[in-house]
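Below is protein09.pdb, holding PDB, C-alpha atoms, pLDDT in the B column.
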```pdb
MODEL        1
ATOM      1  CA  ASP A  18     -19.224   0.759  -7.348  1.00 55.00           C
ATOM      2  CA  GLY A  19     -20.022   2.679 -10.521  1.00 65.00           C
ATOM      3  CA  GLY A  20     -17.476   2.873 -13.271  1.00 93.00           C
ATOM      4  CA  ILE A  21     -16.028   1.545 -16.489  1.00 96.00           C
ATOM      5  CA  THR A  22     -14.249  -1.752 -16.736  1.00 96.00           C
ATOM      6  CA  GLN A  23     -12.000  -2.917 -19.512  1.00 96.00           C
ATOM      7  CA  SER A  24     -10.646  -6.387 -19.849  1.00 90.00           C
ATOM      8  CA  PRO A  25      -8.119  -7.743 -20.058  1.00 92.00           C
ATOM      9  CA  LYS A  26      -5.456  -5.265 -18.907  1.00 94.00           C
ATOM     10  CA  TYR A  27      -2.823  -6.879 -21.117  1.00 95.00           C
ATOM     11  CA  LEU A  28      -3.492  -8.762 -24.335  1.00 94.00           C
ATOM     12  CA  PHE A  29      -1.072 -10.509 -26.654  1.00 94.00           C
ATOM     13  CA  ARG A  30      -1.959 -11.681 -30.155  1.00 92.00           C
ATOM     14  CA  LYS A  31      -0.260 -12.978 -33.233  1.00 92.00           C
ATOM     15  CA  GLU A  32      -0.363 -10.935 -36.397  1.00 91.00           C
ATOM     16  CA  GLY A  33      -3.322 -11.816 -38.612  1.00 90.00           C
ATOM     17  CA  GLN A  34      -5.714 -12.585 -35.760  1.00 92.00           C
ATOM     18  CA  ASN A  35      -8.759 -10.527 -34.895  1.00 94.00           C
ATOM     19  CA  VAL A  36      -9.089  -9.593 -31.238  1.00 95.00           C
ATOM     20  CA  THR A  37     -11.988  -8.102 -29.273  1.00 96.00           C
ATOM     21  CA  LEU A  38     -11.494  -5.697 -26.375  1.00 96.00           C
ATOM     22  CA  SER A  39     -14.224  -5.513 -23.779  1.00 96.00           C
ATOM     23  CA  CYS A  40     -15.702  -2.315 -22.327  1.00 97.00           C
ATOM     24  CA  GLU A  41     -18.563  -2.265 -19.810  1.00 97.00           C
ATOM     25  CA  GLN A  42     -20.067   0.639 -17.859  1.00 97.00           C
ATOM     26  CA  ASN A  43     -22.680   0.737 -15.093  1.00 96.00           C
ATOM     27  CA  LEU A  44     -22.975   4.530 -15.004  1.00 95.00           C
ATOM     28  CA  ASN A  45     -26.147   4.545 -17.137  1.00 95.00           C
ATOM     29  CA  HIS A  46     -24.353   6.731 -19.679  1.00 95.00           C
ATOM     30  CA  ASP A  47     -25.742   7.055 -23.185  1.00 94.00           C
ATOM     31  CA  ALA A  48     -22.454   7.777 -24.969  1.00 95.00           C
ATOM     32  CA  MET A  49     -19.365   5.585 -25.188  1.00 96.00           C
ATOM     33  CA  TYR A  50     -16.026   6.058 -26.940  1.00 96.00           C
ATOM     34  CA  TRP A  51     -12.899   4.175 -27.947  1.00 97.00           C
ATOM     35  CA  TYR A  52      -9.527   5.904 -28.085  1.00 97.00           C
ATOM     36  CA  ARG A  53      -6.099   4.694 -28.995  1.00 97.00           C
ATOM     37  CA  GLN A  54      -2.969   6.062 -27.316  1.00 96.00           C
ATOM     38  CA  ASP A  55       0.542   5.692 -28.692  1.00 94.00           C
ATOM     39  CA  PRO A  56       3.675   7.155 -27.083  1.00 85.00           C
ATOM     40  CA  GLY A  57       3.883  10.879 -27.856  1.00 77.00           C
ATOM     41  CA  GLN A  58       0.619  10.807 -29.837  1.00 80.00           C
ATOM     42  CA  GLY A  59      -2.025  11.688 -27.297  1.00 86.00           C
ATOM     43  CA  LEU A  60      -5.514  10.162 -27.536  1.00 93.00           C
ATOM     44  CA  ARG A  61      -6.999   9.498 -30.966  1.00 94.00           C
ATOM     45  CA  LEU A  62     -10.680   8.665 -31.424  1.00 95.00           C
ATOM     46  CA  ILE A  63     -11.478   5.338 -33.097  1.00 97.00           C
ATOM     47  CA  TYR A  64     -15.271   5.022 -32.785  1.00 97.00           C
ATOM     48  CA  TYR A  65     -18.027   6.492 -30.680  1.00 96.00           C
ATOM     49  CA  SER A  66     -21.656   5.728 -29.947  1.00 96.00           C
ATOM     50  CA  GLN A  67     -24.216   8.228 -28.704  1.00 93.00           C
ATOM     51  CA  ILE A  68     -27.037   5.745 -28.305  1.00 93.00           C
ATOM     52  CA  VAL A  69     -27.697   2.009 -28.424  1.00 95.00           C
ATOM     53  CA  ASN A  70     -27.565   0.457 -31.915  1.00 95.00           C
ATOM     54  CA  ASP A  71     -25.831   3.507 -33.368  1.00 94.00           C
ATOM     55  CA  PHE A  72     -22.147   4.386 -33.739  1.00 96.00           C
ATOM     56  CA  GLN A  73     -19.924   6.666 -35.807  1.00 95.00           C
ATOM     57  CA  LYS A  74     -16.366   6.477 -37.045  1.00 96.00           C
ATOM     58  CA  GLY A  75     -13.747   8.611 -35.403  1.00 94.00           C
ATOM     59  CA  ASP A  76     -10.477   9.835 -36.871  1.00 91.00           C
ATOM     60  CA  ILE A  77      -8.758   6.443 -37.162  1.00 95.00           C
ATOM     61  CA  ALA A  78     -11.526   3.849 -37.673  1.00 96.00           C
ATOM     62  CA  GLU A  79      -9.818   1.855 -40.417  1.00 96.00           C
ATOM     63  CA  GLY A  80      -9.104  -1.701 -39.316  1.00 96.00           C
ATOM     64  CA  TYR A  81     -11.482  -1.539 -36.337  1.00 97.00           C
ATOM     65  CA  SER A  82     -15.131  -2.451 -35.799  1.00 97.00           C
ATOM     66  CA  VAL A  83     -17.587  -1.948 -32.925  1.00 98.00           C
ATOM     67  CA  SER A  84     -21.085  -2.867 -31.843  1.00 97.00           C
ATOM     68  CA  ARG A  85     -23.503  -1.301 -29.368  1.00 98.00           C
ATOM     69  CA  GLU A  86     -26.251  -3.801 -28.723  1.00 97.00           C
ATOM     70  CA  LYS A  87     -26.604  -2.898 -25.048  1.00 97.00           C
ATOM     71  CA  LYS A  88     -26.302   0.439 -23.297  1.00 97.00           C
ATOM     72  CA  GLU A  89     -23.689  -0.962 -20.916  1.00 97.00           C
ATOM     73  CA  SER A  90     -21.386  -2.538 -23.463  1.00 98.00           C
ATOM     74  CA  PHE A  91     -19.258  -1.245 -26.350  1.00 98.00           C
ATOM     75  CA  PRO A  92     -16.761  -3.899 -27.513  1.00 98.00           C
ATOM     76  CA  LEU A  93     -14.004  -3.031 -29.974  1.00 97.00           C
ATOM     77  CA  THR A  94     -12.642  -5.539 -32.480  1.00 97.00           C
ATOM     78  CA  VAL A  95      -9.168  -4.979 -33.820  1.00 96.00           C
ATOM     79  CA  THR A  96      -9.101  -6.742 -37.159  1.00 94.00           C
ATOM     80  CA  SER A  97      -6.166  -8.120 -39.090  1.00 89.00           C
ATOM     81  CA  ALA A  98      -6.602  -5.157 -41.465  1.00 88.00           C
ATOM     82  CA  GLN A  99      -5.289  -2.759 -38.812  1.00 90.00           C
ATOM     83  CA  LYS A 100      -1.687  -2.190 -39.863  1.00 90.00           C
ATOM     84  CA  ASN A 101      -0.283  -1.098 -36.529  1.00 91.00           C
ATOM     85  CA  PRO A 102      -2.472  -2.557 -33.777  1.00 95.00           C
ATOM     86  CA  THR A 103       0.008  -2.510 -30.883  1.00 96.00           C
ATOM     87  CA  ALA A 104      -1.135   0.327 -28.611  1.00 96.00           C
ATOM     88  CA  PHE A 105      -2.895   1.277 -25.377  1.00 97.00           C
ATOM     89  CA  TYR A 106      -6.674   1.262 -25.888  1.00 98.00           C
ATOM     90  CA  LEU A 107      -8.960   3.367 -23.722  1.00 98.00           C
ATOM     91  CA  CYS A 108     -12.719   3.193 -23.452  1.00 98.00           C
ATOM     92  CA  ALA A 109     -14.731   6.131 -22.095  1.00 96.00           C
ATOM     93  CA  SER A 110     -18.325   7.142 -21.488  1.00 96.00           C
ATOM     94  CA  SER A 111     -20.287  10.325 -20.878  1.00 93.00           C
ATOM     95  CA  ILE A 112     -23.839  11.026 -19.738  1.00 91.00           C
ATOM     96  CA  ARG A 113     -24.847  11.896 -23.277  1.00 84.00           C
ATOM     97  CA  GLY A 114     -23.276  12.577 -26.623  1.00 79.00           C
ATOM     98  CA  GLY A 115     -23.325  15.860 -28.463  1.00 73.00           C
ATOM     99  CA  PRO A 116     -22.040  19.248 -27.285  1.00 68.00           C
ATOM    100  CA  ARG A 117     -23.650  18.942 -23.824  1.00 70.00           C
ATOM    101  CA  GLY A 118     -22.070  15.586 -23.155  1.00 73.00           C
ATOM    102  CA  GLY A 119     -20.056  16.736 -20.166  1.00 82.00           C
ATOM    103  CA  GLU A 120     -16.961  15.075 -18.858  1.00 90.00           C
ATOM    104  CA  GLN A 121     -15.786  11.698 -19.995  1.00 93.00           C
ATOM    105  CA  TYR A 122     -15.098   8.826 -17.620  1.00 95.00           C
ATOM    106  CA  PHE A 123     -12.291   6.535 -18.726  1.00 97.00           C
ATOM    107  CA  GLY A 124     -11.639   2.882 -18.083  1.00 97.00           C
ATOM    108  CA  PRO A 125      -8.241   1.545 -16.961  1.00 96.00           C
ATOM    109  CA  GLY A 126      -7.199   0.666 -20.509  1.00 97.00           C
ATOM    110  CA  THR A 127      -6.069  -2.465 -22.349  1.00 97.00           C
ATOM    111  CA  ARG A 128      -2.514  -2.714 -23.612  1.00 96.00           C
ATOM    112  CA  LEU A 129      -2.537  -4.770 -26.802  1.00 96.00           C
ATOM    113  CA  THR A 130       0.662  -6.227 -28.200  1.00 95.00           C
ATOM    114  CA  VAL A 131       0.622  -7.883 -31.606  1.00 93.00           C
ATOM    115  CA  THR A 132       3.699  -9.783 -32.775  1.00 91.00           C
TER
ATOM    116  CA  SER B   6      -7.351  21.304 -40.061  1.00 72.00           C
ATOM    117  CA  GLN B   7      -7.994  21.440 -36.331  1.00 73.00           C
ATOM    118  CA  LYS B   8      -4.909  21.566 -34.193  1.00 85.00           C
ATOM    119  CA  ILE B   9      -4.387  21.453 -30.435  1.00 89.00           C
ATOM    120  CA  GLU B  10      -0.980  22.168 -28.954  1.00 89.00           C
ATOM    121  CA  GLN B  11       0.088  21.768 -25.355  1.00 90.00           C
ATOM    122  CA  ASN B  12       3.034  23.977 -24.580  1.00 76.00           C
ATOM    123  CA  SER B  13       5.666  21.395 -23.999  1.00 73.00           C
ATOM    124  CA  GLU B  14       6.073  17.677 -23.698  1.00 80.00           C
ATOM    125  CA  ALA B  15       7.591  17.956 -20.241  1.00 90.00           C
ATOM    126  CA  LEU B  16       7.693  20.524 -17.469  1.00 93.00           C
ATOM    127  CA  ASN B  17       9.801  20.321 -14.308  1.00 95.00           C
ATOM    128  CA  ILE B  18       9.097  22.556 -11.335  1.00 96.00           C
ATOM    129  CA  GLN B  19      10.094  22.803  -7.713  1.00 97.00           C
ATOM    130  CA  GLU B  20       7.694  21.693  -4.979  1.00 97.00           C
ATOM    131  CA  GLY B  21       5.618  24.573  -3.663  1.00 97.00           C
ATOM    132  CA  LYS B  22       5.747  26.572  -6.893  1.00 97.00           C
ATOM    133  CA  THR B  23       2.858  27.144  -9.275  1.00 97.00           C
ATOM    134  CA  ALA B  24       2.814  24.978 -12.374  1.00 96.00           C
ATOM    135  CA  THR B  25       1.296  26.563 -15.482  1.00 96.00           C
ATOM    136  CA  LEU B  26       0.377  24.403 -18.463  1.00 96.00           C
ATOM    137  CA  THR B  27      -0.805  25.809 -21.774  1.00 96.00           C
ATOM    138  CA  CYS B  28      -3.293  24.530 -24.334  1.00 95.00           C
ATOM    139  CA  ASN B  29      -3.504  26.392 -27.655  1.00 95.00           C
ATOM    140  CA  TYR B  30      -5.847  25.546 -30.506  1.00 93.00           C
ATOM    141  CA  THR B  31      -6.382  26.613 -34.108  1.00 89.00           C
ATOM    142  CA  ASN B  32      -9.182  26.171 -36.662  1.00 85.00           C
ATOM    143  CA  TYR B  33     -11.603  25.281 -33.889  1.00 83.00           C
ATOM    144  CA  SER B  34     -14.378  26.933 -31.893  1.00 83.00           C
ATOM    145  CA  PRO B  35     -14.915  24.732 -28.873  1.00 84.00           C
ATOM    146  CA  ALA B  36     -18.077  25.001 -26.812  1.00 83.00           C
ATOM    147  CA  TYR B  37     -15.997  23.920 -23.850  1.00 88.00           C
ATOM    148  CA  LEU B  38     -12.595  22.741 -22.833  1.00 92.00           C
ATOM    149  CA  GLN B  39     -11.684  20.057 -20.319  1.00 95.00           C
ATOM    150  CA  TRP B  40      -8.518  19.134 -18.443  1.00 97.00           C
ATOM    151  CA  TYR B  41      -7.604  15.593 -17.451  1.00 97.00           C
ATOM    152  CA  ARG B  42      -4.837  13.995 -15.438  1.00 98.00           C
ATOM    153  CA  GLN B  43      -3.260  10.732 -16.581  1.00 96.00           C
ATOM    154  CA  ASP B  44      -0.881   8.588 -14.559  1.00 96.00           C
ATOM    155  CA  PRO B  45       1.396   6.061 -16.332  1.00 93.00           C
ATOM    156  CA  GLY B  46      -0.473   2.992 -17.532  1.00 92.00           C
ATOM    157  CA  ARG B  47      -3.869   4.300 -16.409  1.00 95.00           C
ATOM    158  CA  GLY B  48      -6.876   5.996 -17.945  1.00 96.00           C
ATOM    159  CA  PRO B  49      -7.256   9.792 -17.777  1.00 96.00           C
ATOM    160  CA  VAL B  50      -9.215  11.285 -14.894  1.00 97.00           C
ATOM    161  CA  PHE B  51     -11.391  14.367 -15.350  1.00 96.00           C
ATOM    162  CA  LEU B  52     -10.296  17.487 -13.452  1.00 97.00           C
ATOM    163  CA  LEU B  53     -12.070  20.613 -14.699  1.00 96.00           C
ATOM    164  CA  LEU B  54     -14.422  21.820 -17.418  1.00 94.00           C
ATOM    165  CA  ILE B  55     -14.728  25.418 -18.607  1.00 94.00           C
ATOM    166  CA  ARG B  56     -17.301  26.706 -21.087  1.00 91.00           C
ATOM    167  CA  GLU B  57     -16.728  29.200 -23.898  1.00 89.00           C
ATOM    168  CA  ASN B  58     -18.598  31.929 -22.004  1.00 91.00           C
ATOM    169  CA  GLU B  59     -16.534  31.454 -18.833  1.00 93.00           C
ATOM    170  CA  LYS B  60     -13.195  33.116 -18.188  1.00 92.00           C
ATOM    171  CA  GLU B  61     -11.981  31.184 -15.156  1.00 96.00           C
ATOM    172  CA  LYS B  62     -12.789  28.134 -13.050  1.00 96.00           C
ATOM    173  CA  ARG B  63     -11.269  27.006  -9.765  1.00 97.00           C
ATOM    174  CA  LYS B  64     -11.220  23.787  -7.792  1.00 95.00           C
ATOM    175  CA  GLU B  65      -9.068  23.587  -4.689  1.00 96.00           C
ATOM    176  CA  ARG B  66      -5.459  24.162  -5.896  1.00 97.00           C
ATOM    177  CA  LEU B  67      -6.441  24.053  -9.571  1.00 98.00           C
ATOM    178  CA  LYS B  68      -7.363  27.000 -11.770  1.00 98.00           C
ATOM    179  CA  VAL B  69      -8.269  27.037 -15.446  1.00 98.00           C
ATOM    180  CA  THR B  70      -8.630  30.074 -17.698  1.00 97.00           C
ATOM    181  CA  PHE B  71     -10.146  30.162 -21.175  1.00 95.00           C
ATOM    182  CA  ASP B  72      -9.458  32.945 -23.653  1.00 93.00           C
ATOM    183  CA  THR B  73     -11.417  32.391 -26.877  1.00 91.00           C
ATOM    184  CA  THR B  74      -9.787  35.442 -28.482  1.00 92.00           C
ATOM    185  CA  LEU B  75      -6.283  34.093 -27.947  1.00 93.00           C
ATOM    186  CA  LYS B  76      -7.586  30.533 -28.501  1.00 93.00           C
ATOM    187  CA  GLN B  77      -5.817  29.437 -25.359  1.00 94.00           C
ATOM    188  CA  SER B  78      -6.427  27.810 -22.007  1.00 95.00           C
ATOM    189  CA  LEU B  79      -4.053  27.966 -19.065  1.00 97.00           C
ATOM    190  CA  PHE B  80      -4.095  25.321 -16.333  1.00 97.00           C
ATOM    191  CA  HIS B  81      -2.504  26.250 -13.018  1.00 98.00           C
ATOM    192  CA  ILE B  82      -1.622  24.057 -10.039  1.00 98.00           C
ATOM    193  CA  THR B  83      -0.702  26.176  -7.028  1.00 98.00           C
ATOM    194  CA  ALA B  84       1.495  24.955  -4.157  1.00 98.00           C
ATOM    195  CA  SER B  85       2.510  21.992  -6.291  1.00 97.00           C
ATOM    196  CA  GLN B  86       3.410  18.688  -4.662  1.00 97.00           C
ATOM    197  CA  PRO B  87       5.333  15.630  -5.899  1.00 97.00           C
ATOM    198  CA  ALA B  88       1.962  13.813  -5.980  1.00 97.00           C
ATOM    199  CA  ASP B  89       0.894  16.231  -8.741  1.00 98.00           C
ATOM    200  CA  SER B  90       3.453  14.637 -11.078  1.00 98.00           C
ATOM    201  CA  ALA B  91       1.523  13.198 -14.025  1.00 97.00           C
ATOM    202  CA  THR B  92       0.616  13.923 -17.633  1.00 95.00           C
ATOM    203  CA  TYR B  93      -2.081  16.548 -18.097  1.00 96.00           C
ATOM    204  CA  LEU B  94      -4.304  16.514 -21.175  1.00 96.00           C
ATOM    205  CA  CYS B  95      -6.565  19.203 -22.538  1.00 95.00           C
ATOM    206  CA  GLY B  96      -9.605  18.238 -24.578  1.00 93.00           C
ATOM    207  CA  LEU B  97     -11.881  20.429 -26.703  1.00 91.00           C
ATOM    208  CA  ARG B  98     -15.448  19.802 -27.764  1.00 85.00           C
ATOM    209  CA  ARG B  99     -18.204  21.382 -29.788  1.00 78.00           C
ATOM    210  CA  ASN B 100     -20.347  19.040 -31.875  1.00 75.00           C
ATOM    211  CA  THR B 101     -18.025  16.074 -31.919  1.00 76.00           C
ATOM    212  CA  PRO B 102     -16.449  13.970 -29.174  1.00 85.00           C
ATOM    213  CA  LEU B 103     -13.522  15.401 -27.279  1.00 88.00           C
ATOM    214  CA  VAL B 104     -10.389  16.071 -29.302  1.00 89.00           C
ATOM    215  CA  PHE B 105      -7.274  15.850 -27.140  1.00 92.00           C
ATOM    216  CA  GLY B 106      -3.869  17.453 -27.176  1.00 92.00           C
ATOM    217  CA  LYS B 107      -0.794  15.275 -26.760  1.00 93.00           C
ATOM    218  CA  GLY B 108      -0.409  16.202 -23.111  1.00 94.00           C
ATOM    219  CA  THR B 109       2.254  17.760 -20.920  1.00 95.00           C
ATOM    220  CA  ARG B 110       4.212  15.571 -18.513  1.00 95.00           C
ATOM    221  CA  LEU B 111       4.641  17.476 -15.263  1.00 96.00           C
ATOM    222  CA  SER B 112       7.323  16.532 -12.748  1.00 97.00           C
ATOM    223  CA  VAL B 113       7.271  18.226  -9.343  1.00 97.00           C
ATOM    224  CA  ILE B 114      10.647  17.920  -7.670  1.00 96.00           C
ATOM    225  CA  ALA B 115      10.886  17.825  -3.879  1.00 93.00           C
TER
ENDMDL
END
```
What does this structure look like when you write it as structure tokens?
Amino acid sequence: DGGITQSPKYLFRKEGQNVTLSCEQNLNHDAMYWYRQDPGQGLRLIYYSQIVNDFQKGDIAEGYSVSREKKESFPLTVTSAQKNPTAFYLCASSIRGGPRGGEQYFGPGTRLTVT
Amino acid sequence: SQKIEQNSEALNIQEGKTATLTCNYTNYSPAYLQWYRQDPGRGPVFLLLIRENEKEKRKERLKVTFDTTLKQSLFHITASQPADSATYLCGLRRNTPLVFGKGTRLSVIA
């Protein structure tokens, strides 16, 4: 089955710890994205990557880091510098980046709780 | 700054009626606009895409219109069913990744 997987579905961490969220796709898509969703806030873009070994900051990149060493994988690290890390994190991909990127396919999400 | 507004946070309608959701935007010239459905605790699912040079798109019971003069898109679900209850998101794109509105939570009452 083709699609995007995110793991784990639920993640709990203590304040001050870095945590890495996994995102894998087998759709052969060039572009991948990380969004954060808070209640009543909609989806906000954290980072995106249009091609392997390249990525750009989104609207709320502070306190997060990413890597794109393989086409299939785009892990997100939530660092201790992120002031409000508790949220629902969504990974997405599209055939390509740029204005002709087409629709985005989303993973099931990871709900991160930091206490 | 760019702004996307979806008409209301929540919309309740009776089963069988047509649901109409609105997406308005300012300070933006999207090349296309997309609508997604999101169920609680799950990732959004793509429904329809409409380009700036298109006025209307249809898919089964769904219809989307795009008015670049009014800077507005309308999303219609005809003959609505309780299974259509979900949050619907509009997303706009030109040269950057999709920018999303906050969504409208639709409840279809039997």
Give me the result of the PyMOL selection byres ((chain A) within 7 of (chain B)) on this file, residue by residue, as a short mmCIF file (atom, residue, chain, number, x, y, z; two decimals) with C-alpha atoms, in the coordinates of the input.
```
data_model
loop_
_atom_site.label_atom_id
_atom_site.label_comp_id
_atom_site.auth_asym_id
_atom_site.auth_seq_id
_atom_site.Cartn_x
_atom_site.Cartn_y
_atom_site.Cartn_z
CA GLY A 57 3.88 10.88 -27.86
CA GLN A 58 0.62 10.81 -29.84
CA GLY A 59 -2.02 11.69 -27.30
CA LEU A 60 -5.51 10.16 -27.54
CA LEU A 107 -8.96 3.37 -23.72
CA GLY A 115 -23.32 15.86 -28.46
CA PRO A 116 -22.04 19.25 -27.28
CA GLU A 120 -16.96 15.08 -18.86
CA GLN A 121 -15.79 11.70 -20.00
CA TYR A 122 -15.10 8.83 -17.62
CA PHE A 123 -12.29 6.54 -18.73
CA GLY A 124 -11.64 2.88 -18.08
CA PRO A 125 -8.24 1.54 -16.96
CA GLY A 126 -7.20 0.67 -20.51
#
```
Neighbour list for Ala24 (chain B) as number ranges by chain, cut-off 9 Å, all atoms listed in the file, skip fewer than 3 positions in-chain: B: 16-19, 80-85, 111, 113
For the selection just defined, write its residues with C-alpha atoms to a file, as a PDB file, in the frame of the given file.
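Below is the file that was written, part-v1.pdb:
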```
ATOM      1  CA  LEU B  16       7.693  20.524 -17.469  1.00 93.00           C
ATOM      2  CA  ASN B  17       9.801  20.321 -14.308  1.00 95.00           C
ATOM      3  CA  ILE B  18       9.097  22.556 -11.335  1.00 96.00           C
ATOM      4  CA  GLN B  19      10.094  22.803  -7.713  1.00 97.00           C
ATOM      5  CA  PHE B  80      -4.095  25.321 -16.333  1.00 97.00           C
ATOM      6  CA  HIS B  81      -2.504  26.250 -13.018  1.00 98.00           C
ATOM      7  CA  ILE B  82      -1.622  24.057 -10.039  1.00 98.00           C
ATOM      8  CA  THR B  83      -0.702  26.176  -7.028  1.00 98.00           C
ATOM      9  CA  ALA B  84       1.495  24.955  -4.157  1.00 98.00           C
ATOM     10  CA  SER B  85       2.510  21.992  -6.291  1.00 97.00           C
ATOM     11  CA  LEU B 111       4.641  17.476 -15.263  1.00 96.00           C
ATOM     12  CA  VAL B 113       7.271  18.226  -9.343  1.00 97.00           C
TER      13      VAL B 113
END
```
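In this comparison, which uses all atoms listed in the file, the residue of A:Ser90, A:Gln23, A:Thr132, A:Asn70 approaching Thr103 (chain A) most closely is A:Thr132.
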Which residues are near Thr94 (chain A)? Cut-off 6 Å, all atoms listed in the file, ignore same chain within fewer than 3 positions. Put them as a list in words. Val36, Thr37, Tyr81 and Ser82 of chain A
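CA of Gln67 (chain A) sits 24.1 Å away from CA of Gln99 (chain A).
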Selection near Ser39 (chain A), 9 Å with all atoms listed in the file, sequence-local residues under 3 positions removed, as a count of residues only: 11
d(CA of Gln43 (chain B), CA of Ser90 (chain B)) in Å: 9.5 Å
Between A:Glu89, A:Asp76, A:Asp47, A:Asp55, which is the closest to Gly119 (chain A) once you count all atoms listed in the file?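 Checking each of A:Glu89, A:Asp76, A:Asp47, A:Asp55 against Gly119 (chain A), counting all atoms listed in the file, the winner is A:Asp47.
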Pairwise distance for CA of Phe71 (chain B) and CA of Glu20 (chain B), rounded to one decimal in Å: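 According to the coordinates, CA of Phe71 (chain B) and CA of Glu20 (chain B) are separated by 25.5 Å.
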Could you give me, as a count of residues only, the residues within 6 Å of Phe105 (chain A), counting only C-alpha atoms and dropping anything in the same chain fewer than 4 positions from it? 4
Find the residues near Leu129 (chain A): any atom within 8 Å, counting all atoms listed in the file, skip ones fewer than 3 places away on the same chain, and give them as a short mmCIF file (atom, residue, chain, number, x, y, z; two decimals) with C-alpha atoms, in the frame of the given file.
```
data_model
loop_
_atom_site.label_atom_id
_atom_site.label_comp_id
_atom_site.auth_asym_id
_atom_site.auth_seq_id
_atom_site.Cartn_x
_atom_site.Cartn_y
_atom_site.Cartn_z
CA TYR A 27 -2.82 -6.88 -21.12
CA LEU A 28 -3.49 -8.76 -24.34
CA PHE A 29 -1.07 -10.51 -26.65
CA ARG A 30 -1.96 -11.68 -30.16
CA PRO A 102 -2.47 -2.56 -33.78
CA THR A 103 0.01 -2.51 -30.88
CA ALA A 104 -1.14 0.33 -28.61
CA PHE A 105 -2.90 1.28 -25.38
CA TYR A 106 -6.67 1.26 -25.89
#
```
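Nearest to Gln86 (chain B) of all the residues B:Asn12, B:Thr73, B:Ser34, B:Thr23 is B:Thr23, based on all atoms listed in the file.
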Expanded to explicit residues, what is the PyMOL selection byres ((chain A and resi 45) around 12) for this file, as a VMD selection string? chain A and resid 19 to 21 41 to 44 46 to 49 68 to 69 87 to 90 110 to 113 122
Using only C-alpha atoms, can you tell me which of A:Lys31, A:Asp71, A:Ile63, A:Ala78 comes closest to Tyr50 (chain A)?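 Going through A:Lys31, A:Asp71, A:Ile63, A:Ala78 one by one, the smallest distance to Tyr50 (chain A) is for A:Ile63.
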Could you tell me, as JSON, numbers by chain, exactly which residues end up selected when the PyMOL selection byres ((chain A and resi 33) around 9) is applied to this structure? {"A": [30, 31, 32, 34, 35, 96, 97, 98, 131]}
